[in-house]
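Reproduced below: target_34.cif, with mmCIF, C-alpha atoms.
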```cif
data_model
#
loop_
_atom_site.label_atom_id
_atom_site.label_comp_id
_atom_site.auth_asym_id
_atom_site.auth_seq_id
_atom_site.Cartn_x
_atom_site.Cartn_y
_atom_site.Cartn_z
CA MET A 1 -2.16 1.28 -24.48
CA SER A 2 0.20 4.25 -24.82
CA LEU A 3 3.74 3.00 -24.35
CA ILE A 4 5.14 6.46 -23.65
CA GLU A 5 2.61 8.61 -21.81
CA PRO A 6 1.56 7.45 -18.32
CA SER A 7 -1.94 5.98 -18.65
CA ILE A 8 -4.70 4.06 -16.90
CA ASN A 9 -6.64 1.17 -18.38
CA GLY A 10 -9.74 1.54 -20.52
CA ASP A 11 -12.02 -0.07 -17.95
CA TYR A 12 -11.28 2.77 -15.51
CA ARG A 13 -12.11 5.33 -18.22
CA LYS A 14 -15.40 3.59 -19.02
CA LYS A 15 -16.47 3.43 -15.36
CA LEU A 16 -15.41 7.03 -14.70
CA ILE A 17 -17.40 8.43 -17.63
CA GLY A 18 -20.38 6.30 -16.58
CA PHE A 19 -20.09 7.65 -13.04
CA PHE A 20 -20.01 11.25 -14.26
CA GLN A 21 -23.08 10.56 -16.38
CA ASP A 22 -24.90 9.30 -13.28
CA GLN A 23 -23.94 12.56 -11.54
CA GLY A 24 -25.47 14.59 -14.37
CA LEU A 25 -22.60 15.22 -16.80
CA THR A 26 -23.66 13.98 -20.23
CA LYS A 27 -21.42 12.32 -22.78
CA ASN A 28 -22.24 15.12 -25.22
CA VAL A 29 -20.69 17.67 -22.87
CA ILE A 30 -17.68 15.43 -22.18
CA PHE A 31 -16.96 14.79 -25.86
CA LYS A 32 -17.58 18.44 -26.77
CA HIS A 33 -14.79 19.54 -24.42
CA LEU A 34 -12.62 16.42 -24.82
CA PRO A 35 -13.21 15.15 -28.38
CA GLN A 36 -10.16 12.89 -28.16
CA LEU A 37 -12.15 10.59 -25.85
CA ALA A 38 -15.04 10.05 -28.26
CA ASN A 39 -13.46 7.41 -30.48
CA MET A 40 -11.50 5.47 -27.87
CA SER A 41 -12.10 1.71 -27.72
CA GLU A 42 -12.40 -0.30 -24.50
CA GLN A 43 -8.82 -1.48 -25.02
CA ASP A 44 -7.40 2.05 -25.27
CA TRP A 45 -5.75 3.34 -22.12
CA LEU A 46 -6.53 6.88 -20.93
CA THR A 47 -3.51 9.18 -20.70
CA ALA A 48 -2.84 11.04 -17.47
CA LYS A 49 -3.26 14.37 -19.25
CA ASP A 50 -6.76 13.45 -20.45
CA LEU A 51 -7.67 11.87 -17.10
CA ASN A 52 -6.95 15.12 -15.30
CA LEU A 53 -8.75 17.18 -17.94
CA LEU A 54 -11.77 14.90 -17.45
CA TYR A 55 -11.76 15.39 -13.67
CA GLN A 56 -11.30 19.13 -14.13
CA LEU A 57 -14.28 19.29 -16.49
CA ALA A 58 -16.51 17.22 -14.18
CA CYS A 59 -15.68 19.24 -11.07
CA GLN A 60 -16.35 22.49 -12.91
CA GLU A 61 -19.58 21.38 -14.59
CA LEU A 62 -21.02 19.61 -11.54
CA ALA A 63 -19.64 22.08 -8.95
CA ASP A 64 -18.79 19.16 -6.66
CA PRO A 65 -15.30 19.04 -5.07
CA PHE A 66 -16.12 15.65 -3.53
CA LEU A 67 -16.38 13.77 -6.85
CA GLY A 68 -13.05 11.95 -6.44
CA VAL A 69 -14.03 10.46 -3.08
CA LYS A 70 -17.47 9.51 -4.40
CA PHE A 71 -15.98 7.70 -7.38
CA GLY A 72 -13.38 5.99 -5.19
CA GLN A 73 -16.20 4.65 -3.03
CA THR A 74 -17.46 2.65 -6.02
CA THR A 75 -14.20 0.66 -6.10
CA SER A 76 -14.30 -3.09 -5.53
CA THR A 77 -11.77 -5.89 -5.93
CA ASN A 78 -13.14 -6.33 -9.45
CA SER A 79 -11.82 -2.86 -10.27
CA PHE A 80 -8.28 -4.23 -10.03
CA SER A 81 -8.93 -7.26 -12.30
CA ILE A 82 -6.48 -10.12 -11.66
CA VAL A 83 -4.66 -8.32 -8.85
CA GLY A 84 -7.94 -7.81 -7.01
CA PHE A 85 -8.66 -11.54 -6.97
CA MET A 86 -5.05 -12.11 -5.95
CA ALA A 87 -5.61 -9.94 -2.88
CA ILE A 88 -8.85 -11.66 -1.89
CA SER A 89 -7.14 -15.05 -1.81
CA ALA A 90 -4.09 -13.88 0.23
CA THR A 91 -3.51 -15.30 3.71
CA ASP A 92 -3.47 -11.88 5.43
CA MET A 93 -3.85 -8.20 4.64
CA LEU A 94 -0.12 -7.47 4.49
CA THR A 95 0.43 -10.30 1.98
CA ALA A 96 -2.55 -9.05 -0.01
CA LEU A 97 -1.24 -5.51 -0.22
CA ASN A 98 2.34 -6.52 -1.03
CA SER A 99 1.28 -8.82 -3.86
CA VAL A 100 -1.04 -6.23 -5.34
CA LEU A 101 1.54 -3.45 -5.04
CA CYS A 102 4.01 -5.52 -7.04
CA TYR A 103 1.65 -5.82 -10.00
CA GLN A 104 -0.29 -2.55 -9.94
CA SER A 105 1.29 -1.44 -13.25
CA LEU A 106 -0.98 -4.00 -14.94
CA TYR A 107 -3.88 -1.54 -14.62
CA SER A 108 -2.29 1.91 -14.11
CA ARG A 109 0.97 3.68 -14.84
CA ILE A 110 -0.07 7.17 -13.69
CA GLY A 111 0.90 6.63 -10.07
CA LYS A 112 1.46 3.74 -7.70
CA MET A 113 0.98 2.96 -4.04
CA ALA A 114 4.27 2.51 -2.20
CA PRO A 115 4.49 1.10 1.35
CA ARG A 116 6.50 2.92 4.02
CA GLU A 117 6.93 2.38 7.76
CA GLU A 118 6.63 5.12 10.37
CA ASN A 119 6.29 4.62 14.15
CA GLN A 120 4.80 1.12 13.93
CA GLN A 121 2.44 2.30 11.24
CA ILE A 122 2.31 1.16 7.64
CA LEU A 123 1.77 3.97 5.17
CA LEU A 124 0.42 3.30 1.72
CA CYS A 125 1.65 6.37 -0.14
CA TRP A 126 0.39 7.35 -3.57
CA ASP A 127 3.57 8.17 -5.49
CA ALA A 128 2.92 10.03 -8.72
CA ILE A 129 4.59 8.87 -11.93
CA TRP A 130 2.89 11.71 -13.73
CA PRO A 131 4.05 14.96 -12.03
CA ARG A 132 2.02 15.58 -8.87
CA ALA A 133 1.56 19.27 -9.80
CA LEU A 134 -0.42 18.08 -12.83
CA MET A 135 -2.71 15.76 -10.88
CA HIS A 136 -6.20 17.05 -10.26
CA PRO A 137 -6.94 16.70 -6.52
CA ALA A 138 -10.10 14.72 -7.29
CA ALA A 139 -8.06 12.17 -9.25
CA VAL A 140 -5.73 11.62 -6.29
CA GLU A 141 -8.64 11.46 -3.86
CA ALA A 142 -10.32 8.85 -6.06
CA SER A 143 -7.16 6.72 -5.97
CA ILE A 144 -6.72 6.96 -2.18
CA THR A 145 -10.43 6.29 -1.56
CA GLY A 146 -10.36 3.40 -4.01
CA TRP A 147 -7.44 1.77 -2.22
CA PHE A 148 -9.20 2.25 1.12
CA HIS A 149 -12.33 0.53 -0.16
CA PHE A 150 -10.21 -2.16 -1.75
CA ALA A 151 -8.66 -2.87 1.68
CA LEU A 152 -12.12 -2.94 3.27
CA ASN A 153 -13.30 -5.47 0.69
CA VAL A 154 -10.31 -7.72 1.28
CA ALA A 155 -10.60 -7.51 5.08
CA ASP A 156 -14.41 -7.77 5.12
CA ASP A 157 -14.74 -4.32 6.76
CA ARG A 158 -12.58 -5.33 9.72
CA ILE A 159 -9.82 -2.78 9.12
CA LYS A 160 -9.54 0.68 10.66
CA LEU A 161 -7.34 3.59 9.62
CA ARG A 162 -5.21 5.86 11.79
CA LYS A 163 -5.46 8.77 9.37
CA VAL A 164 -5.49 9.80 5.71
CA THR A 165 -3.31 12.60 4.33
CA PHE A 166 -3.27 14.59 1.08
CA CYS A 167 -0.65 16.92 -0.37
CA HIS A 168 -3.21 19.41 -1.71
CA ALA A 169 -5.39 21.83 0.23
CA ASN A 170 -8.93 21.01 1.32
CA ASN A 171 -11.47 22.42 -1.11
CA GLY A 172 -14.49 20.64 0.39
CA CYS A 173 -16.14 19.79 3.69
CA GLN A 174 -13.80 18.44 6.37
CA GLU A 175 -16.60 16.50 8.08
CA ALA A 176 -17.53 14.79 4.81
CA TYR A 177 -13.94 13.59 4.31
CA GLU A 178 -13.68 12.24 7.85
CA LYS A 179 -17.06 10.51 7.56
CA ALA A 180 -15.95 8.85 4.31
CA PHE A 181 -12.74 7.45 5.83
CA GLY A 182 -13.81 7.05 9.47
CA CYS A 183 -10.62 8.75 10.71
CA PRO A 184 -8.86 12.14 10.75
CA VAL A 185 -8.09 13.52 7.26
CA LEU A 186 -5.24 16.03 6.96
CA PHE A 187 -4.36 18.26 4.00
CA LYS A 188 -1.18 19.98 2.81
CA GLN A 189 0.86 17.06 4.11
CA LYS A 190 4.04 15.39 2.85
CA TYR A 191 2.28 12.33 1.41
CA ASP A 192 -0.96 11.35 -0.24
CA ALA A 193 -1.30 8.36 2.06
CA ILE A 194 -3.35 5.90 4.06
CA TYR A 195 -2.05 5.11 7.57
CA PHE A 196 -2.66 1.60 8.96
CA ASP A 197 -1.71 0.06 12.30
CA ARG A 198 0.64 -2.86 11.62
CA GLN A 199 -1.51 -5.19 13.76
CA ASN A 200 -4.49 -4.48 11.50
CA LEU A 201 -2.58 -5.76 8.50
CA ASN A 202 -1.76 -9.07 10.20
CA GLN A 203 -5.41 -10.09 10.23
CA PRO A 204 -6.10 -13.31 8.31
CA GLY A 205 -7.77 -12.92 4.94
CA TYR A 206 -11.51 -13.49 4.93
CA ASN A 207 -11.37 -15.62 1.75
CA ALA A 208 -7.79 -16.89 2.07
CA ASN A 209 -6.81 -19.67 -0.34
CA ASP A 210 -3.07 -20.07 -0.73
CA LEU A 211 -3.31 -22.36 -3.79
CA VAL A 212 -5.48 -19.88 -5.65
CA HIS A 213 -3.28 -16.99 -4.52
CA GLN A 214 -0.09 -18.61 -5.80
CA ALA A 215 -1.71 -19.49 -9.12
CA LEU A 216 -2.76 -15.86 -9.60
CA VAL A 217 0.70 -14.62 -8.62
CA GLU A 218 2.23 -16.88 -11.28
CA LYS A 219 -0.19 -15.54 -13.88
CA ALA A 220 0.59 -11.94 -12.91
CA GLU A 221 4.32 -12.67 -13.17
CA LYS A 222 3.85 -13.87 -16.74
CA LEU A 223 1.85 -10.76 -17.60
CA SER A 224 4.29 -8.29 -16.06
CA VAL A 225 7.61 -10.15 -16.56
CA THR A 226 9.18 -10.05 -13.10
CA TYR A 227 12.86 -10.12 -12.27
CA GLY A 228 13.73 -10.54 -8.61
CA ASP A 229 11.16 -8.91 -6.34
CA MET A 230 9.60 -6.48 -8.80
CA PRO A 231 8.49 -6.26 -12.45
CA PHE A 232 11.56 -5.98 -14.64
CA ILE A 233 10.22 -2.96 -16.53
CA GLU A 234 9.98 -1.01 -13.27
CA LYS A 235 13.46 -2.17 -12.29
CA ILE A 236 15.05 -0.93 -15.49
CA GLU A 237 13.02 2.30 -15.42
CA THR A 238 14.34 2.98 -11.92
CA VAL A 239 17.89 2.64 -13.24
CA LEU A 240 17.19 4.97 -16.15
CA MET A 241 15.52 7.61 -13.97
CA GLN A 242 18.31 7.55 -11.38
CA HIS A 243 21.29 7.43 -13.74
CA GLY A 244 19.92 9.09 -16.89
CA LYS A 245 19.60 12.68 -15.75
CA GLY A 246 21.11 14.83 -18.47
CA LYS A 247 22.24 11.94 -20.65
CA ILE A 248 21.00 9.03 -22.72
CA ILE A 249 21.81 5.71 -21.03
CA THR A 250 22.72 2.92 -23.45
CA ILE A 251 21.45 -0.61 -22.96
CA GLU A 252 25.05 -1.67 -22.32
CA ARG A 253 25.39 0.81 -19.45
CA ALA A 254 21.96 -0.08 -18.03
CA SER A 255 22.86 -3.78 -18.11
CA GLU A 256 26.10 -3.04 -16.28
CA ILE A 257 24.25 -1.14 -13.53
CA LEU A 258 21.79 -4.05 -13.21
CA ASN A 259 24.73 -6.48 -13.05
CA MET A 260 23.29 -8.39 -16.00
CA SER A 261 24.46 -9.20 -19.49
CA VAL A 262 23.02 -7.28 -22.45
CA SER A 263 21.67 -10.51 -23.91
CA GLU A 264 19.88 -11.30 -20.64
CA VAL A 265 18.29 -7.84 -20.59
CA ARG A 266 17.19 -8.18 -24.21
CA LYS A 267 15.73 -11.63 -23.55
CA ILE A 268 13.58 -10.39 -20.67
CA LEU A 269 12.50 -7.32 -22.63
CA ASN A 270 11.41 -9.50 -25.54
CA LYS A 271 9.04 -11.33 -23.18
CA SER A 272 7.50 -8.00 -22.15
CA ASN A 273 6.84 -6.94 -25.77
CA LEU A 274 8.65 -3.68 -25.03
CA SER A 275 11.88 -2.53 -26.57
CA TYR A 276 14.66 -0.85 -24.62
CA ARG A 277 14.09 2.22 -26.82
CA ALA A 278 10.44 2.41 -25.72
CA ILE A 279 11.38 2.25 -22.03
CA LEU A 280 14.11 4.85 -22.51
CA ASP A 281 11.65 7.11 -24.35
CA ARG A 282 9.11 6.73 -21.55
CA CYS A 283 11.66 7.76 -18.92
CA LYS A 284 12.85 10.72 -21.01
CA PHE A 285 9.26 11.81 -21.51
CA ILE A 286 8.62 11.84 -17.74
CA GLU A 287 11.86 13.77 -17.22
CA ALA A 288 10.84 16.24 -19.93
CA LEU A 289 7.49 16.92 -18.23
CA HIS A 290 9.17 18.37 -15.16
CA TYR A 291 11.18 20.77 -17.31
CA LEU A 292 8.14 21.76 -19.41
CA LEU A 293 6.39 22.81 -16.19
CA ASP A 294 9.10 25.43 -15.63
CA GLU A 295 8.04 28.25 -17.93
CA ARG A 296 11.42 29.93 -17.48
CA LEU A 297 13.11 27.21 -19.55
CA ASP A 298 13.08 27.41 -23.33
CA LEU A 299 13.13 24.29 -25.51
CA THR A 300 16.85 24.56 -26.23
CA SER A 301 17.65 24.51 -22.51
CA ILE A 302 15.30 21.59 -21.96
CA ALA A 303 16.88 19.65 -24.81
CA PHE A 304 20.34 20.04 -23.29
CA GLN A 305 19.05 19.14 -19.82
CA LEU A 306 17.70 15.87 -21.26
CA GLY A 307 20.96 14.97 -22.99
CA PHE A 308 20.07 15.96 -26.56
CA SER A 309 22.79 17.73 -28.53
CA GLU A 310 20.32 20.12 -30.17
CA GLN A 311 16.72 21.28 -29.87
CA SER A 312 15.64 19.70 -33.15
CA GLY A 313 16.56 16.24 -31.85
CA PHE A 314 14.41 16.76 -28.76
CA THR A 315 11.49 18.09 -30.83
CA ARG A 316 11.60 15.08 -33.16
CA ALA A 317 11.74 12.69 -30.22
CA PHE A 318 8.85 14.45 -28.46
CA LYS A 319 6.66 14.27 -31.56
CA ARG A 320 7.44 10.56 -31.75
CA TRP A 321 6.35 10.16 -28.13
CA THR A 322 3.12 12.22 -28.24
CA HIS A 323 2.41 13.03 -31.93
CA ILE A 324 2.46 16.77 -31.13
CA SER A 325 5.20 19.33 -30.58
CA PRO A 326 6.61 20.07 -27.10
CA VAL A 327 5.28 23.66 -27.44
CA SER A 328 1.71 22.43 -27.97
CA TYR A 329 2.02 19.83 -25.23
CA ARG A 330 3.38 22.40 -22.78
CA SER A 331 0.41 24.66 -23.50
CA GLN A 332 -2.02 21.83 -22.76
CA ILE A 333 -0.49 20.64 -19.50
CA LEU A 334 -0.10 24.14 -18.09
CA LYS A 335 -3.89 24.46 -18.33
CA VAL A 336 -4.21 21.67 -15.77
CA LYS A 337 -1.47 22.66 -13.35
CA PHE A 338 -3.05 22.47 -9.91
CA ASP A 339 -0.33 23.14 -7.38
CA ASP A 340 -1.08 26.90 -7.32
CA LYS A 341 -4.87 26.55 -7.43
CA TRP A 342 -5.61 24.13 -4.60
#
```
Could you write out this file's structure as structure tokens?
Amino acid sequence: MSLIEPSINGDYRKKLIGFFQDQGLTKNVIFKHLPQLANMSEQDWLTAKDLNLLYQLACQELADPFLGVKFGQTTSTNSFSIVGFMAISATDMLTALNSVLCYQSLYSRIGKMAPREENQQILLCWDAIWPRALMHPAAVEASITGWFHFALNVADDRIKLRKVTFCHANNGCQEAYEKAFGCPVLFKQKYDAIYFDRQNLNQPGYNANDLVHQALVEKAEKLSVTYGDMPFIEKIETVLMQHGKGKIITIERASEILNMSVSEVRKILNKSNLSYRAILDRCKFIEALHYLLDERLDLTSIAFQLGFSEQSGFTRAFKRWTHISPVSYRSQILKVKFDDKW
């Protein structure tokens, strides 16, 4: 798994490539255009950049703008590994969703579903970790559709949606989208989101088993290293993203913001097998992506914006994060910038 670049687990990559093969896109074509995928093992996570390049290739070669929804429809609770079984055993839909949302970073760090409330409705919003402008619409549609089918599996098809919304424009058939979700589907909206009625989420789980559910929650906690009500890595990343704009936050300062001792922070990080440096690098990388998208900024300006004293320091750090220069990386990601195309 890449510790720096946002990624999704190897099982997703394997299923996605298999799905594209079933649709008529051969592995030879995939590996010809994306040779970096050819030698990946099942344990290797797929970076967001390569995920979006893969969706872009498939949509172009197969001339099918509905591929994301079609792939999302293949989602089952098994697709989410331990968190899927955790949801099945929950006492009700709301408990199922909350427990899964807490541990979703176990299988993807490209984006995450975040719950919001609006007029007695519960929104599950897909919040991008990787910049939304770099997400292929089909990749987002696959995620939203997958979560919808996941909810159907947990609720034994007893759940109905109010509506589904996407930030990008509609490039397909409106009727096909609404048939897939069984509700209105709106585009060019504020959120990529699924809208539920609160009362729907209070339905008892079809396979509820509180003992099994708690056992799976405990296992997930050990895997993700929780602190309070969320995984500790996400908690410390939130601090770094909010307070680290334009400067490098030391572990001492981060510990102070978290109201914890440095030794306590180090102890929890040791359990996660991640160093503070790796988490700091990951946050700086995400911050750098947003600046690299702005073609008006040169590397010197970006370096200063990120808190580096000189461009060479930023370039060395970026090569450590991605193994290529920021110039080369910028060239690659600008090829898959979708906000002006969809």
Requested in this report: Kindly give the distance, in Å, that separates atom CA of A:Leu53 and atom CA of A:Val140, rounded to a single decimal.
Outcome: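 Distance between the two atoms: 13.3 Å.
A straight line drawn from atom CA of A:Val212 to atom CA of A:Tyr107 is 20.5 Å long.
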Requested in this report: Go through A:Lys27, A:Ala254, A:Leu37, A:Leu124 and flag the residue nearest A:Arg13, using only C-alpha atoms for the distances.
Outcome: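 Closest candidate: A:Leu37.
For stretch 314-322 of chain A, the residues within 10 Å (counting all atoms listed in the file, excluding itself and residues fewer than 3 positions away along the chain) are Ser2, Leu3, Ile4, Glu5, Ala278, Asp281, Arg282, Lys284, Phe285, Ala288, Leu299, Thr300, Ile302, Ala303, Phe304, Leu306, Gly307, Phe308, Ser309, Glu310, Gln311, Ser325, Pro326, Val327 and Tyr329 of chain A.
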Requested in this report: Compare A:Ala58, A:Leu97, A:Asp197, A:Lys32 by their minimum atom-to-atom distance to A:Gly18, counting only C-alpha atoms, and give me the closest one.
Outcome: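 Closest residue, counting only C-alpha atoms: A:Ala58.
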5 Å per side around stretch 56-71 of chain A: axis-aligned box centre and edge lengths, as lines of an AutoDock Vina configuration file:
```
center_x = -16.2
center_y = 15.1
center_z = -9.8
size_x = 19.7
size_y = 24.8
size_z = 23.4
```
Query raised in the report: Excluding same-chain residues fewer than 5 positions from A:Phe181, what lies within 9 Å of it counting all atoms listed in the file, as a count of residues only?
Result: 7
**Report entry** Result set of the PyMOL selection byres ((chain A and resi 332) around 12) on the coordinates above, as a PyMOL selection string
**Finding:** chain A and resi 49-50+52-53+134+289+292-293+324-331+333-337
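Atom CA of A:Glu256 is positioned 11.3 Å from atom CA of A:Ile236.
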Quick one: apply the PyMOL selection byres ((chain A and resi 237) around 12) to the file and drop the selected residues here as a short mmCIF file (atom, residue, chain, number, x, y, z; two decimals) with C-alpha atoms, in the coordinates of the input.
```cif
data_model
loop_
_atom_site.label_atom_id
_atom_site.label_comp_id
_atom_site.auth_asym_id
_atom_site.auth_seq_id
_atom_site.Cartn_x
_atom_site.Cartn_y
_atom_site.Cartn_z
CA ILE A 129 4.59 8.87 -11.93
CA MET A 230 9.60 -6.48 -8.80
CA PRO A 231 8.49 -6.26 -12.45
CA PHE A 232 11.56 -5.98 -14.64
CA ILE A 233 10.22 -2.96 -16.53
CA GLU A 234 9.98 -1.01 -13.27
CA LYS A 235 13.46 -2.17 -12.29
CA ILE A 236 15.05 -0.93 -15.49
CA THR A 238 14.34 2.98 -11.92
CA VAL A 239 17.89 2.64 -13.24
CA LEU A 240 17.19 4.97 -16.15
CA MET A 241 15.52 7.61 -13.97
CA GLN A 242 18.31 7.55 -11.38
CA HIS A 243 21.29 7.43 -13.74
CA GLY A 244 19.92 9.09 -16.89
CA ILE A 249 21.81 5.71 -21.03
CA ILE A 251 21.45 -0.61 -22.96
CA ALA A 254 21.96 -0.08 -18.03
CA SER A 255 22.86 -3.78 -18.11
CA ILE A 257 24.25 -1.14 -13.53
CA LEU A 258 21.79 -4.05 -13.21
CA TYR A 276 14.66 -0.85 -24.62
CA ARG A 277 14.09 2.22 -26.82
CA ALA A 278 10.44 2.41 -25.72
CA ILE A 279 11.38 2.25 -22.03
CA LEU A 280 14.11 4.85 -22.51
CA ASP A 281 11.65 7.11 -24.35
CA ARG A 282 9.11 6.73 -21.55
CA CYS A 283 11.66 7.76 -18.92
CA LYS A 284 12.85 10.72 -21.01
CA PHE A 285 9.26 11.81 -21.51
CA ILE A 286 8.62 11.84 -17.74
CA GLU A 287 11.86 13.77 -17.22
#
```
Query - Option closest in space to A:Pro65, from A:Asn170, A:Gln199, A:Asn207, A:Asn259 [counting only C-alpha atoms] - result: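 Smallest distance to A:Pro65 is found for A:Asn170.
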Query raised in the report: Residues at most 12 Å from stretch 29-31 of chain A, counting all atoms listed in the file, excluding those fewer than 2 positions away in the same chain, as JSON, numbers by chain?
Result: {"A": [16, 17, 18, 20, 21, 24, 25, 26, 27, 33, 34, 35, 36, 37, 38, 39, 40, 50, 51, 53, 54, 55, 56, 57, 58, 59, 60, 61, 62]}
Report task. Could you tell me which of A:Lys219, A:Tyr291, A:Gln23, A:Leu67 comes closest to A:Lys245 if we count all atoms listed in the file? Result ->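 The shortest atom-to-atom distance to A:Lys245 comes from A:Tyr291.
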